[in-house]
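I have placed the structure first, in the form of structure tokens, so that the comments after it can refer back to it.
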Amino acid sequence: MAKKKFSKNWVHQHINDPYVKQAQQKGYRARAAFKLSEILDAEKLLRRGDRVVDLGSAPGSWSQVVRERLVGEGGVIDGRIIALDILPMEPIAGVEFLQGDFREDAVLAQLEEMLQGEKLDLVISDMAPNLSGVSAADSARIQHVCELAMEFACAHLKPDGALVVKAFHGSGFSQIVQSFKSRFKRVVERKPKASRDKSSETFLVARGLKDELDV
């Protein structure tokens, strides 16, 4: 009974959510688009010509936002967007999509093959593991996903590149922040207005790779 009530409440909130309505009006696939837009504006990230990888991209709203900002004359993308997710994703014009599990070496190898040594300006990750409700297990999973994104970014970003990653406040959060600070010159926390108040999600924006000697 409680579950049914919870579901009704969620549906009611979802239908009346101003960001859901705006997403529908603008043709975004999810309200999460506004979270990324706010972060990109606040941090002055993403210019035409940039190379971007979108990790955990489905349903594709973050790739849509990136595409909008990279489209130049004649509707042609000035730059490159590669999206990756374990789930299928409806095509987005000009976005290269790879379906697979980012945690698997074979999938990472495919992604690296697509890049062919090309360095990136921006890595964005809205990835979140399936949560079990067991706090210790969940914080370990979240930490693992964040660190995978960080390791990928450290290997493929330009020296002044940036990483935007979704994390969650709670057990293990301070360790995630610390590990990011050990690899990047600047790390800030962002809680966009489009994030629901009750949500513990917080986005980390990491910029400027530290030299290996500094790490």
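Each chain of the structure tokens is named A, B, ... in the order shown, its residues numbered from 1; ligands are numbered from 1 in display order.
Excluding segment 198-206 of chain A itself and same-chain residues fewer than 3 positions from it, the residues having an atom within 9 Å of it are Ile39, Glu43, Asp126, Gly161, Ala162, Leu163, Val164, Val165, Lys166, Ala167, Phe168, His169, Gly170, Val177, Phe180, Lys181, Arg183, Phe184, Lys185, Arg186, Val187, Val188, Glu189, Arg190, Lys191, Pro192, Ser195 and Leu209 of chain A, counting only C-alpha atoms.
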Which of segment 1-181 of chain A DSSP labels strand (DSSP E or B), written as a CSV table (one decimal) with C-alpha atoms, in the first residue's frame:
```
chain,number,residue,atom,x,y,z
A,51,ARG,CA,35.6,17.1,-28.2
A,52,VAL,CA,33.2,15.6,-25.7
A,53,VAL,CA,32.5,12.1,-24.3
A,54,ASP,CA,29.1,11.6,-22.5
A,55,LEU,CA,29.3,8.6,-20.2
A,71,VAL,CA,26.1,23.3,-33.7
A,77,ILE,CA,28.4,20.1,-35.4
A,80,ARG,CA,32.7,15.8,-31.7
A,81,ILE,CA,30.4,14.1,-29.3
A,82,ILE,CA,30.7,10.4,-28.4
A,83,ALA,CA,28.0,9.0,-26.1
A,84,LEU,CA,28.2,5.7,-24.2
A,85,ASP,CA,25.6,3.7,-22.2
A,95,VAL,CA,26.3,12.1,-32.0
A,96,GLU,CA,28.3,8.9,-32.2
A,97,PHE,CA,26.8,6.2,-29.8
A,98,LEU,CA,28.5,3.1,-28.4
A,99,GLN,CA,26.3,0.7,-26.4
A,120,LEU,CA,39.1,15.5,-25.1
A,121,ASP,CA,38.0,19.0,-23.9
A,122,LEU,CA,35.2,17.6,-21.7
A,123,VAL,CA,34.0,14.4,-20.2
A,124,ILE,CA,30.5,14.3,-18.7
A,125,SER,CA,29.1,11.5,-16.6
A,157,LEU,CA,41.5,14.9,-21.4
A,158,LYS,CA,43.6,17.7,-22.7
A,159,PRO,CA,45.7,19.2,-19.8
A,160,ASP,CA,43.2,22.0,-19.4
A,161,GLY,CA,40.2,19.8,-19.9
A,162,ALA,CA,37.3,19.3,-17.5
A,163,LEU,CA,35.2,16.5,-16.0
A,164,VAL,CA,31.6,16.7,-14.8
A,165,VAL,CA,30.5,13.8,-12.7
A,166,LYS,CA,27.4,12.9,-10.7
A,167,ALA,CA,28.0,11.8,-7.1
A,168,PHE,CA,25.8,11.5,-4.0
```
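Here atom CA of Gly72 of chain A stands at a distance of 15.9 Å from atom CA of Ile92 of chain A.
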Fill in: segment 54-159 of chain A: residues DSSP assigns to alpha helix (DSSP H), reported as a PyMOL selection string
chain A and resi 61-70+105-115+135-156
Residue contacts of Gln143 of chain A (9 Å, only C-alpha atoms) excluding same-chain residues fewer than 5 positions away, as a compact mmCIF listing (two decimals) with C-alpha atoms, in the first residue's frame:
```txt
# COMPACT_ATOMS: atom_id res chain seq x y z
CA ASP A 138 25.83 1.59 -2.39
CA LEU A 148 36.12 4.94 -13.35
CA ALA A 167 28.01 11.83 -7.14
CA GLY A 172 32.24 7.84 0.86
CA PHE A 173 31.52 11.28 -0.68
CA GLN A 175 36.80 10.25 -0.30
CA ILE A 176 35.54 10.81 -3.86
```
